[in-house]
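See below for start_4.cif, which holds mmCIF, C-alpha atoms.
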```cif
data_upload
loop_
_atom_site.label_atom_id
_atom_site.label_comp_id
_atom_site.auth_asym_id
_atom_site.auth_seq_id
_atom_site.Cartn_x
_atom_site.Cartn_y
_atom_site.Cartn_z
CA MET M 1 -31.52 32.26 98.83
CA GLU M 2 -34.54 30.62 97.40
CA SER M 3 -36.14 34.01 96.67
CA GLU M 4 -33.01 35.11 94.82
CA LEU M 5 -33.14 32.02 92.66
CA ASN M 6 -36.79 32.66 91.85
CA ASN M 7 -35.93 36.20 90.81
CA LEU M 8 -33.34 34.87 88.40
CA HIS M 9 -36.04 32.94 86.53
CA HIS M 10 -37.83 36.21 85.86
CA ILE M 11 -34.82 38.05 84.46
CA PRO M 12 -35.41 38.34 80.72
CA LEU M 13 -32.70 36.69 78.66
CA PRO M 14 -31.26 38.60 75.70
CA PRO M 15 -32.76 37.49 72.42
CA LYS M 16 -30.69 34.86 70.54
CA GLN M 17 -28.97 36.37 67.56
CA LEU M 18 -30.05 34.34 64.57
CA PRO M 19 -28.67 34.93 61.10
CA ASN M 20 -31.02 36.83 58.86
CA PRO M 21 -31.84 34.53 55.98
CA THR M 22 -32.91 37.42 53.79
CA ARG M 23 -29.68 39.34 54.06
CA ASP M 24 -26.12 38.37 53.30
CA ASP M 25 -23.42 41.00 53.09
CA ARG M 26 -21.02 38.67 51.27
CA PRO M 27 -20.66 39.37 47.54
CA LEU M 28 -22.38 36.82 45.34
CA LEU M 29 -20.16 34.64 43.13
CA ASN M 30 -20.68 35.03 39.43
CA SER M 31 -22.03 31.74 38.08
CA VAL M 32 -19.97 32.15 34.93
CA SER M 33 -16.80 32.54 36.98
CA VAL M 34 -17.56 29.41 38.97
CA SER M 35 -18.23 27.44 35.86
CA SER M 36 -15.07 28.76 34.20
CA THR M 37 -12.92 28.03 37.25
CA THR M 38 -14.33 24.54 37.61
CA ALA M 39 -13.83 23.85 33.91
CA SER M 40 -10.24 25.07 34.08
CA ALA M 41 -9.46 22.91 37.11
CA SER M 42 -11.17 19.90 35.55
CA THR M 43 -9.33 20.38 32.29
CA ASP M 44 -5.96 20.54 34.04
CA GLU M 45 -6.74 17.36 35.93
CA LEU M 46 -7.84 15.58 32.77
CA GLU M 47 -4.73 16.68 30.88
CA LYS M 48 -2.48 15.16 33.53
CA LYS M 49 -4.34 11.87 33.48
CA PHE M 50 -4.82 11.60 29.72
CA ALA M 51 -1.65 13.37 28.55
CA ALA M 52 -1.32 11.14 25.47
CA PHE M 53 -4.43 12.70 23.92
CA VAL M 54 -3.97 16.37 24.87
CA ARG M 55 -3.66 18.94 22.10
CA ARG M 56 -0.88 21.47 22.63
CA ASP M 57 -1.20 23.64 19.51
CA ALA M 58 -2.49 27.20 19.10
CA TYR M 59 -6.06 25.96 18.67
CA GLY M 60 -6.29 24.47 22.17
CA THR M 61 -8.37 21.64 23.58
CA MET M 62 -10.74 20.13 21.00
CA GLY M 63 -9.69 22.96 18.67
CA CYS M 64 -11.86 25.34 20.71
CA GLY M 65 -9.18 27.64 22.10
CA GLU M 66 -9.32 31.43 21.87
CA LEU M 67 -7.34 32.48 18.81
CA PRO M 68 -5.43 35.76 18.43
CA THR M 69 -6.69 38.25 15.88
CA LYS M 70 -3.90 37.45 13.41
CA GLU M 71 -4.76 33.76 13.47
CA LYS M 72 -8.45 34.51 12.90
CA VAL M 73 -7.61 36.64 9.87
CA LEU M 74 -5.37 33.92 8.40
CA LEU M 75 -8.04 31.31 9.07
CA GLY M 76 -10.70 33.43 7.37
CA LEU M 77 -8.56 34.03 4.30
CA ALA M 78 -7.73 30.34 3.98
CA LEU M 79 -11.40 29.37 4.27
CA VAL M 80 -12.40 31.41 1.23
CA THR M 81 -9.29 30.84 -0.91
CA LEU M 82 -7.24 27.76 -0.05
CA VAL M 83 -9.89 25.36 1.26
CA PRO M 84 -12.18 25.35 -1.84
CA VAL M 85 -9.25 24.66 -4.14
CA ARG M 86 -7.95 21.83 -1.98
CA VAL M 87 -11.40 20.24 -1.60
CA VAL M 88 -11.97 20.21 -5.36
CA LEU M 89 -8.52 18.76 -6.04
CA ALA M 90 -8.85 16.13 -3.30
CA MET M 91 -12.26 14.97 -4.52
CA THR M 92 -10.93 14.80 -8.08
CA VAL M 93 -8.07 12.53 -6.96
CA LEU M 94 -10.43 10.30 -4.96
CA LEU M 95 -12.88 9.94 -7.83
CA PHE M 96 -10.09 9.31 -10.33
CA TYR M 97 -8.62 6.48 -8.29
CA TYR M 98 -12.07 5.09 -7.59
CA VAL M 99 -12.68 4.84 -11.35
CA ILE M 100 -9.27 3.23 -11.89
CA CYS M 101 -10.05 0.54 -9.32
CA ARG M 102 -13.47 -0.12 -10.76
CA VAL M 103 -12.07 -0.53 -14.26
CA CYS M 104 -9.21 -2.77 -13.11
CA THR M 105 -11.51 -5.03 -11.07
CA MET M 106 -14.20 -5.25 -13.72
CA LEU M 107 -15.19 -8.86 -14.43
CA SER M 108 -12.87 -10.04 -11.65
CA VAL M 109 -14.00 -12.17 -8.75
CA PRO M 110 -12.93 -10.80 -5.35
CA ASN M 111 -11.06 -12.89 -2.84
CA ARG M 112 -13.66 -13.74 -0.18
CA GLU M 113 -12.49 -15.10 3.17
CA GLU M 114 -15.52 -14.43 5.37
CA GLU M 115 -18.66 -12.34 5.36
CA MET M 116 -17.71 -8.67 4.92
CA GLN M 117 -14.14 -9.79 4.14
CA GLU M 118 -13.47 -9.56 0.42
CA ASP M 119 -10.81 -7.79 -1.58
CA TYR M 120 -8.93 -7.56 -4.84
CA ALA M 121 -5.47 -7.40 -3.28
CA HIS M 122 -4.46 -10.73 -4.82
CA ILE M 123 -5.12 -9.70 -8.42
CA VAL M 124 -2.02 -10.29 -10.55
CA GLY M 125 -0.72 -9.05 -13.88
CA TRP M 126 -1.25 -5.60 -15.39
CA ARG M 127 -4.32 -4.94 -13.24
CA ARG M 128 -2.35 -5.20 -10.02
CA ILE M 129 0.47 -3.08 -11.41
CA VAL M 130 -1.95 -0.29 -12.39
CA ILE M 131 -3.78 -0.42 -9.06
CA VAL M 132 -0.59 -0.29 -6.97
CA GLN M 133 1.37 2.26 -9.01
CA CYS M 134 -1.60 4.62 -9.44
CA GLY M 135 -2.51 4.20 -5.77
CA ARG M 136 0.98 5.07 -4.59
CA ALA M 137 1.27 8.07 -6.89
CA LEU M 138 -2.18 9.47 -6.10
CA ALA M 139 -1.68 8.98 -2.35
CA ARG M 140 1.42 11.16 -2.58
CA VAL M 141 -0.51 13.69 -4.67
CA MET M 142 -3.17 13.75 -1.95
CA LEU M 143 -0.57 14.53 0.70
CA PHE M 144 0.78 17.32 -1.52
CA ILE M 145 -2.72 18.77 -1.85
CA LEU M 146 -3.06 18.72 1.94
CA GLY M 147 0.12 20.77 2.34
CA PHE M 148 2.76 18.06 2.78
CA TYR M 149 4.93 19.37 -0.04
CA TRP M 150 7.99 17.50 1.17
CA ILE M 151 8.35 14.65 3.64
CA SER M 152 11.57 14.12 5.56
CA GLU M 153 12.57 10.44 5.56
CA SER M 154 15.51 8.91 7.40
CA TYR M 155 16.79 5.38 7.95
CA ARG M 156 18.11 4.73 11.43
CA ILE M 157 20.03 1.73 12.72
CA PRO M 158 19.43 1.23 16.47
CA ASN M 159 22.43 1.04 18.77
CA THR M 160 23.80 -2.43 19.44
CA ASN M 161 22.47 -3.81 22.71
CA GLU M 162 21.85 -7.07 24.48
CA LYS M 163 18.69 -7.68 22.49
CA SER M 164 20.46 -7.53 19.16
CA THR M 165 23.20 -9.81 20.50
CA THR M 166 20.58 -12.33 21.53
CA GLN M 167 19.02 -12.13 18.09
CA LYS M 168 22.37 -12.84 16.45
CA GLU M 169 22.72 -15.94 18.60
CA ASP M 170 19.25 -17.14 17.65
CA LYS M 171 19.81 -16.97 13.90
CA HIS M 172 22.63 -16.77 11.42
CA GLU M 173 21.40 -14.66 8.51
CA PRO M 174 18.31 -12.35 8.53
CA GLU M 175 17.77 -13.10 4.85
CA GLU M 176 17.01 -16.69 5.78
CA MET M 177 14.07 -15.43 7.82
CA GLY M 178 12.41 -13.90 4.75
CA ARG M 179 11.00 -10.42 4.33
CA PRO M 180 8.90 -8.72 7.04
CA GLY M 181 5.27 -9.75 6.94
CA VAL M 182 3.87 -6.58 8.50
CA ILE M 183 4.69 -2.90 8.92
CA ILE M 184 4.32 -1.71 12.52
CA SER M 185 3.82 2.03 13.00
CA ASN M 186 2.77 4.46 15.67
CA HIS M 187 -0.60 6.06 14.97
CA VAL M 188 -0.98 9.85 15.02
CA SER M 189 -3.57 10.75 12.39
CA TYR M 190 -5.68 9.43 9.53
CA LEU M 191 -2.95 11.02 7.38
CA ASP M 192 -0.72 8.07 8.34
CA ILE M 193 -2.68 5.94 5.87
CA PHE M 194 -1.82 8.18 2.93
CA TYR M 195 1.89 8.04 3.68
CA HIS M 196 1.98 4.23 3.92
CA MET M 197 -0.08 3.98 0.74
CA SER M 198 2.38 6.22 -1.08
CA THR M 199 5.38 4.07 -0.12
CA SER M 200 4.42 0.42 0.28
CA PHE M 201 0.69 0.28 -0.57
CA PRO M 202 -0.05 -2.28 2.20
CA SER M 203 -3.23 -3.94 3.33
CA PHE M 204 -4.43 -2.73 6.72
CA VAL M 205 -7.10 -3.32 9.32
CA ALA M 206 -10.06 -0.92 9.13
CA LYS M 207 -13.41 -0.53 10.84
CA LYS M 208 -16.40 -1.93 8.98
CA ASP M 209 -17.82 1.60 8.95
CA TYR M 210 -15.26 2.48 6.28
CA LEU M 211 -16.56 -0.28 4.07
CA GLU M 212 -20.11 1.02 4.32
CA SER M 213 -19.37 4.75 4.16
CA SER M 214 -17.16 7.22 2.35
CA ALA M 215 -17.41 9.72 5.19
CA TYR M 216 -13.68 9.68 5.87
CA ILE M 217 -11.37 11.33 3.37
CA TYR M 218 -9.87 7.99 2.36
CA GLY M 219 -13.17 6.15 2.42
CA MET M 220 -13.28 5.70 -1.33
CA PHE M 221 -9.83 4.10 -1.29
CA CYS M 222 -11.08 1.56 1.23
CA ASP M 223 -14.41 1.07 -0.53
CA SER M 224 -12.59 0.08 -3.71
CA LYS M 225 -11.25 -2.99 -1.82
CA CYS M 226 -8.07 -2.71 -3.85
CA LEU M 227 -5.98 -2.29 -0.72
CA GLY M 228 -7.07 -5.65 0.62
CA CYS M 229 -8.32 -4.20 3.90
CA VAL M 230 -9.37 -6.51 6.71
CA TYR M 231 -12.56 -5.10 8.21
CA VAL M 232 -13.36 -5.40 11.89
CA GLN M 233 -16.16 -4.28 14.16
CA ARG M 234 -14.14 -2.65 16.95
CA GLU M 235 -16.81 -3.05 19.63
CA SER M 236 -17.37 -6.71 18.82
CA LYS M 237 -15.91 -9.37 21.10
CA SER M 238 -17.66 -12.25 19.37
CA SER M 239 -16.35 -15.08 17.22
CA ASP M 240 -16.29 -12.61 14.32
CA PHE M 241 -13.54 -10.69 16.10
CA LYS M 242 -11.55 -13.89 16.58
CA GLY M 243 -12.04 -14.66 12.89
CA VAL M 244 -10.53 -11.30 11.93
CA SER M 245 -7.51 -11.97 14.12
CA ALA M 246 -6.98 -15.29 12.34
CA ILE M 247 -7.24 -13.60 8.95
CA VAL M 248 -4.67 -10.98 9.93
CA THR M 249 -2.25 -13.65 11.18
CA GLU M 250 -2.69 -15.64 7.98
CA ARG M 251 -2.14 -12.54 5.83
CA ILE M 252 1.06 -11.69 7.72
CA ARG M 253 2.43 -15.21 7.27
CA GLU M 254 1.56 -15.13 3.59
CA ALA M 255 3.30 -11.78 3.08
CA HIS M 256 6.31 -13.08 4.99
CA GLN M 257 6.64 -16.20 2.86
CA ASN M 258 5.47 -14.88 -0.51
CA LYS M 259 7.13 -11.75 -1.90
CA SER M 260 4.30 -11.19 -4.38
CA ALA M 261 1.65 -11.06 -1.63
CA PRO M 262 0.66 -7.60 -0.30
CA ILE M 263 2.35 -6.72 2.98
CA MET M 264 0.15 -5.97 5.99
CA MET M 265 0.27 -2.68 7.89
CA LEU M 266 -0.91 -2.39 11.51
CA PHE M 267 -1.24 0.32 14.13
CA PRO M 268 -0.96 -1.90 17.23
CA GLU M 269 -1.87 0.97 19.57
CA GLY M 270 -5.45 0.68 18.32
CA THR M 271 -6.06 4.45 18.27
CA THR M 272 -4.33 7.78 17.67
CA THR M 273 -2.31 9.92 20.08
CA ASN M 274 -0.96 13.48 20.02
CA GLY M 275 2.31 12.18 18.61
CA GLU M 276 4.31 12.56 21.82
CA TYR M 277 3.36 9.24 23.41
CA ILE M 278 3.11 5.60 22.44
CA LEU M 279 0.35 3.41 23.87
CA PRO M 280 0.49 -0.30 24.78
CA PHE M 281 0.62 -2.60 21.74
CA LYS M 282 -2.00 -5.20 20.98
CA THR M 283 -0.51 -8.58 20.10
CA GLY M 284 -2.48 -9.29 16.90
CA GLY M 285 0.37 -8.30 14.62
CA PHE M 286 2.88 -10.47 16.47
CA LEU M 287 1.01 -13.79 16.64
CA ALA M 288 2.44 -14.92 13.29
CA SER M 289 5.99 -14.80 14.72
CA ALA M 290 7.09 -13.13 11.48
CA PRO M 291 9.62 -10.27 11.24
CA VAL M 292 8.15 -6.78 11.43
CA LEU M 293 9.21 -3.49 9.87
CA PRO M 294 8.99 -0.61 12.42
CA ILE M 295 8.26 2.87 11.05
CA ILE M 296 7.93 6.02 13.17
CA LEU M 297 5.79 8.97 12.06
CA SER M 298 5.90 12.44 13.59
CA PHE M 299 4.29 15.75 12.67
CA HIS M 300 5.92 19.11 13.37
CA TYR M 301 3.80 22.25 13.54
CA GLN M 302 3.76 25.91 14.52
CA ARG M 303 0.03 26.63 14.56
CA PHE M 304 -2.17 23.57 14.03
CA SER M 305 -1.14 20.03 14.91
CA PRO M 306 -2.11 17.39 12.31
CA ALA M 307 -2.45 14.85 15.13
CA TRP M 308 -6.01 13.54 15.39
CA ASP M 309 -6.35 13.14 19.15
CA SER M 310 -9.11 15.05 20.93
CA ILE M 311 -10.72 16.99 18.08
CA SER M 312 -13.66 16.13 15.86
CA GLY M 313 -12.98 14.86 12.35
CA ALA M 314 -14.76 17.75 10.63
CA ARG M 315 -13.01 20.43 12.68
CA HIS M 316 -9.66 18.71 12.17
CA ALA M 317 -10.13 18.49 8.39
CA ILE M 318 -11.09 22.18 8.11
CA PHE M 319 -8.14 23.44 10.16
CA LEU M 320 -5.77 21.12 8.29
CA LEU M 321 -6.99 22.42 4.93
CA CYS M 322 -6.55 25.99 6.17
CA GLN M 323 -2.88 25.43 7.00
CA PHE M 324 -0.75 26.23 3.96
CA VAL M 325 2.23 24.03 4.90
CA ASN M 326 2.23 20.82 6.95
CA TYR M 327 5.27 18.85 8.03
CA MET M 328 5.78 15.12 8.34
CA GLU M 329 8.93 13.30 9.41
CA VAL M 330 9.40 9.57 8.92
CA THR M 331 12.00 7.38 10.59
CA LYS M 332 12.46 3.90 9.15
CA LEU M 333 14.09 1.21 11.25
CA PRO M 334 15.60 -2.07 10.07
CA ALA M 335 13.42 -5.14 9.99
CA TYR M 336 13.00 -6.60 13.47
CA TYR M 337 13.58 -10.36 13.54
CA PRO M 338 12.15 -12.00 16.68
CA SER M 339 14.15 -14.31 18.90
CA GLN M 340 12.80 -17.74 19.77
CA GLN M 341 11.68 -16.39 23.13
CA GLU M 342 9.69 -13.64 21.42
CA LYS M 343 8.14 -16.10 18.99
CA ASP M 344 6.94 -18.13 21.95
CA ASP M 345 5.61 -15.04 23.75
CA PRO M 346 3.76 -12.52 21.49
CA LYS M 347 3.32 -10.12 24.42
CA LEU M 348 7.07 -9.98 24.92
CA TYR M 349 7.57 -9.53 21.18
CA ALA M 350 5.07 -6.64 21.06
CA SER M 351 6.54 -5.01 24.15
CA ASN M 352 10.10 -5.12 22.81
CA VAL M 353 9.11 -3.61 19.46
CA ARG M 354 7.14 -0.92 21.27
CA ARG M 355 10.12 -0.01 23.43
CA LEU M 356 12.36 0.13 20.37
CA ILE M 357 9.99 2.54 18.61
CA ALA M 358 9.68 4.65 21.74
CA SER M 359 13.46 4.83 22.14
CA GLU M 360 14.24 5.65 18.51
CA GLY M 361 11.32 8.06 18.13
CA ASN M 362 11.77 9.85 21.48
CA LEU M 363 8.24 8.87 22.43
CA ILE M 364 6.93 8.60 25.99
CA LEU M 365 5.57 5.22 27.09
CA SER M 366 1.96 5.49 28.26
CA ASP M 367 -0.27 2.88 29.87
CA VAL M 368 -3.62 4.30 28.70
CA GLY M 369 -5.55 3.07 25.68
CA LEU M 370 -8.73 3.40 23.64
CA ALA M 371 -11.03 2.99 26.67
CA GLU M 372 -9.33 5.89 28.48
CA LYS M 373 -9.45 7.98 25.31
CA ARG M 374 -13.21 7.56 25.14
CA ILE M 375 -13.51 8.62 28.77
CA TYR M 376 -11.40 11.69 28.04
CA HIS M 377 -13.49 12.61 25.01
CA SER M 378 -16.70 12.17 26.97
CA ALA M 379 -15.41 14.44 29.74
CA LEU M 380 -14.31 17.09 27.23
CA ASN M 381 -17.69 17.02 25.51
CA GLY M 382 -19.27 17.79 28.87
CA LEU M 383 -16.90 20.65 29.64
CA PHE M 384 -16.96 22.13 26.14
CA SER M 385 -20.53 21.37 25.15
CA GLN M 386 -20.90 24.78 23.49
CA CYS M 387 -17.76 24.41 21.41
#
```
For this file, produce the structure as C-alpha cells.
Amino acid sequence: MESELNNLHHIPLPPKQLPNPTRDDRPLLNSVSVSSTTASASTDELEKKFAAFVRRDAYGTMGCGELPTKEKVLLGLALVTLVPVRVVLAMTVLLFYYVICRVCTMLSVPNREEEMQEDYAHIVGWRRIVIVQCGRALARVMLFILGFYWISESYRIPNTNEKSTTQKEDKHEPEEMGRPGVIISNHVSYLDIFYHMSTSFPSFVAKKDYLESSAYIYGMFCDSKCLGCVYVQRESKSSDFKGVSAIVTERIREAHQNKSAPIMMLFPEGTTTNGEYILPFKTGGFLASAPVLPIILSFHYQRFSPAWDSISGARHAIFLLCQFVNYMEVTKLPAYYPSQQEKDDPKLYASNVRRLIASEGNLILSDVGLAEKRIYHSALNGLFSQC
C-alpha cells in the first residue's frame, strides 16, 4: 500500500489551465459607445431628479440636440437674415431709452439708501411721466422685435374655497387694505422682465452684476437706475443681504400705502424653470404683510422654448432671435389679501400664494431650488463638455 502511495506522488499532474493574458476572444467595446451609453443613462437620471430645469424642445438638452436637416436650413437662413435686423433694432431701442433716462435724470440727485443702492424711481413730475411711459412703450417694442407680436392676456378669478371664506371673515372690504405692494410672478426667462416693464413698470430685485455690466439684453435698462432696482449679491449671506431684505420690505410697504410710489415686482422662486414647474417661494416678498398681485407667465412653442433653464445665455439669445414667432400667455389673478394668520406667518403666506399660482397656472409643485439647479448645470457641463 505504501508503495502505491509513493507511486502516486510521481504521477505528473495535468498543467493548470491559466487564462492567456495576451488573448481575449471577446469583442472589444467601442469607447465612444460606452461614453454615449453612460451619458444617455446619466442624462435620463438627471432629468428625473431635476425635471423643473429640463428642456423639452427640438433643440434638446442645453440646446445641443441633433437637429433635422429642415431645422438646420431654417436656422441658417435666420442667422443671415433675421438675426442682424433684430440685433440692430434691439440695440437702437436700448440706446434710445438709455439716452431718455440720462436726459430725464440730468441734474437730479438719486435716492440713496445704502452703498450700491441708489435709484431715480422716486422722481416726480414730467420726468417720471416720460421715464415710465417711454419705458413701457419701448419694452413692448422690444418684445415685438424679439417675435412676440401679440401677447395673450386673461384675467382669472379663482374658485371660491375655504381660504377665500376665511379671508372674507378677516376683513370687510379689500379696498380698505389698499393696493397691492408687490407683483408676484413665476420666473421662466429674462423675457419676463420686458413684459412686466411694458405693463406696470415696477421696481425689481436684480443681481449687482447687472449694475456693473450691460452684458444682459436689459442691462442698460437696469444701469439707468430708472426702474428703481434693488441690487443684491446673491452669494452673500452677510449683513448686506439682510439690509437688502429690509429695503425690499420697506419698498413694498411704501407701494402698498402710497399710490404714487413704484410697485415692487419679485420672482420669489429665485431662479428660472422650464415653465412647467413652480419652485418653493422665498419669504422676502411676504414679510411686509401687504397684499400681493399674482401673475402667471407661460411660453408656448413648437421648435425652440423661450424658457431660460439649462441653456447658456448666448445660445438662448441666438436661437430666440432665429425664431420668427414667439408666444407668451399671461394670466392675471385678483389681488391676494392675506389673512391675519398669514400676516403672522410669512412662510404660510408664501406657501398659499404659491399653491394658488400652481393651481391656476397648471404648474407642478417642485421642491428643488437654485442650489439643485447649479448641481444640474454642473453635471450637464461635464456630460456635454464639447457642446
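Note on the selection: in this file the PyMOL selection byres ((chain M and resi 358-373) around 8) comes out as M:Phe50, M:Ala52, M:Phe53, M:Pro158, M:Glu269, M:Gly270, M:Thr271, M:Gly275, M:Glu276, M:Tyr277, M:Ile278, M:Leu279, M:Pro280, M:Ile296, M:Thr331, M:Arg354, M:Arg355, M:Leu356, M:Ile357, M:Arg374, M:Ile375, M:Tyr376, M:His377.
From atom CA of M:Ala206 back to atom CA of M:Ser289, the distance works out to 21.9 Å.
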Have a look at atom CA of M:Arg55 and atom CA of M:Lys332 and let me know their distance in Å, one decimal. 25.6 Å
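Separating atom CA of M:Pro84 from atom CA of M:Leu321 is a distance of 9.0 Å.
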Starting from 3 Å padding per side, set up an axis-aligned box that covers all listed atoms of stretch 142-159 of chain M and hand over centre and edge lengths in Å, one decimal, as JSON.
```
{"center_x": 9.6, "center_y": 10.9, "center_z": 8.4, "size_x": 31.6, "size_y": 25.7, "size_z": 26.7}
```
Of the candidates M:Ala51, M:Ala307, M:Cys134, M:Met62, which one gets nearest to M:Asn274 if we count all atoms listed in the file? M:Ala307
Take the PyMOL selection byres ((chain M and resi 157) around 8), apply it to the structure above, and return the hits as a ChimeraX atom specification. /M:155-156,158-159,333-334
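Take the PyMOL selection byres ((chain M and resi 320) around 9) and apply it to this file: it picks Leu146, Gly147, Phe304, Ser305, Pro306, Arg315, His316, Ala317, Ile318, Phe319, Leu321, Cys322, Gln323, Phe324 and Asn326 of chain M.
The shell of residues at most 7 Å from M:Phe299, with all atoms listed in the file counted and near chain neighbours (fewer than 6 positions) removed, consists of Pro306, Tyr327, Met328 and Glu329 of chain M.
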In the coordinates of the file, take the point (-9.9, -4.0, -8.5) and a cut-off of 6 Å; then, counting all atoms listed in the file, name each qualifying protein, DNA or RNA residue as a ChimeraX atom specification. /M:101-102,104-105,120,226
Please tell me which residues are no farther than 12 Å from (1.1, -1.4, -6.6) in the file, counting only C-alpha atoms, and write them as a PDB file with C-alpha atoms, keeping the file's coordinate frame.
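Okay, this is what ended up in part-v5.pdb:
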```
ATOM      1  CA  CYS M 101     -10.050   0.540  -9.320  1.00  0.00           C
ATOM      2  CA  TYR M 120      -8.930  -7.560  -4.840  1.00  0.00           C
ATOM      3  CA  ALA M 121      -5.470  -7.400  -3.280  1.00  0.00           C
ATOM      4  CA  HIS M 122      -4.460 -10.730  -4.820  1.00  0.00           C
ATOM      5  CA  ILE M 123      -5.120  -9.700  -8.420  1.00  0.00           C
ATOM      6  CA  VAL M 124      -2.020 -10.290 -10.550  1.00  0.00           C
ATOM      7  CA  GLY M 125      -0.720  -9.050 -13.880  1.00  0.00           C
ATOM      8  CA  TRP M 126      -1.250  -5.600 -15.390  1.00  0.00           C
ATOM      9  CA  ARG M 127      -4.320  -4.940 -13.240  1.00  0.00           C
ATOM     10  CA  ARG M 128      -2.350  -5.200 -10.020  1.00  0.00           C
ATOM     11  CA  ILE M 129       0.470  -3.080 -11.410  1.00  0.00           C
ATOM     12  CA  VAL M 130      -1.950  -0.290 -12.390  1.00  0.00           C
ATOM     13  CA  ILE M 131      -3.780  -0.420  -9.060  1.00  0.00           C
ATOM     14  CA  VAL M 132      -0.590  -0.290  -6.970  1.00  0.00           C
ATOM     15  CA  GLN M 133       1.370   2.260  -9.010  1.00  0.00           C
ATOM     16  CA  CYS M 134      -1.600   4.620  -9.440  1.00  0.00           C
ATOM     17  CA  GLY M 135      -2.510   4.200  -5.770  1.00  0.00           C
ATOM     18  CA  ARG M 136       0.980   5.070  -4.590  1.00  0.00           C
ATOM     19  CA  ALA M 137       1.270   8.070  -6.890  1.00  0.00           C
ATOM     20  CA  LEU M 138      -2.180   9.470  -6.100  1.00  0.00           C
ATOM     21  CA  ALA M 139      -1.680   8.980  -2.350  1.00  0.00           C
ATOM     22  CA  HIS M 196       1.980   4.230   3.920  1.00  0.00           C
ATOM     23  CA  MET M 197      -0.080   3.980   0.740  1.00  0.00           C
ATOM     24  CA  SER M 198       2.380   6.220  -1.080  1.00  0.00           C
ATOM     25  CA  THR M 199       5.380   4.070  -0.120  1.00  0.00           C
ATOM     26  CA  SER M 200       4.420   0.420   0.280  1.00  0.00           C
ATOM     27  CA  PHE M 201       0.690   0.280  -0.570  1.00  0.00           C
ATOM     28  CA  PRO M 202      -0.050  -2.280   2.200  1.00  0.00           C
ATOM     29  CA  SER M 203      -3.230  -3.940   3.330  1.00  0.00           C
ATOM     30  CA  CYS M 226      -8.070  -2.710  -3.850  1.00  0.00           C
ATOM     31  CA  LEU M 227      -5.980  -2.290  -0.720  1.00  0.00           C
ATOM     32  CA  GLY M 228      -7.070  -5.650   0.620  1.00  0.00           C
ATOM     33  CA  SER M 260       4.300 -11.190  -4.380  1.00  0.00           C
ATOM     34  CA  ALA M 261       1.650 -11.060  -1.630  1.00  0.00           C
ATOM     35  CA  PRO M 262       0.660  -7.600  -0.300  1.00  0.00           C
ATOM     36  CA  ILE M 263       2.350  -6.720   2.980  1.00  0.00           C
TER      37      ILE M 263
END
```
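Minimum atom-to-atom distances from M:His187, M:Lys70, M:Arg140, M:Lys48 to M:Ser298 were compared using only C-alpha atoms, and the lowest value belongs to M:His187.
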Nearest to M:Ser310 by atom-to-atom distance, counting all atoms listed in the file, from M:Ile184, M:Ala379, M:Val99, M:Ala90: M:Ala379
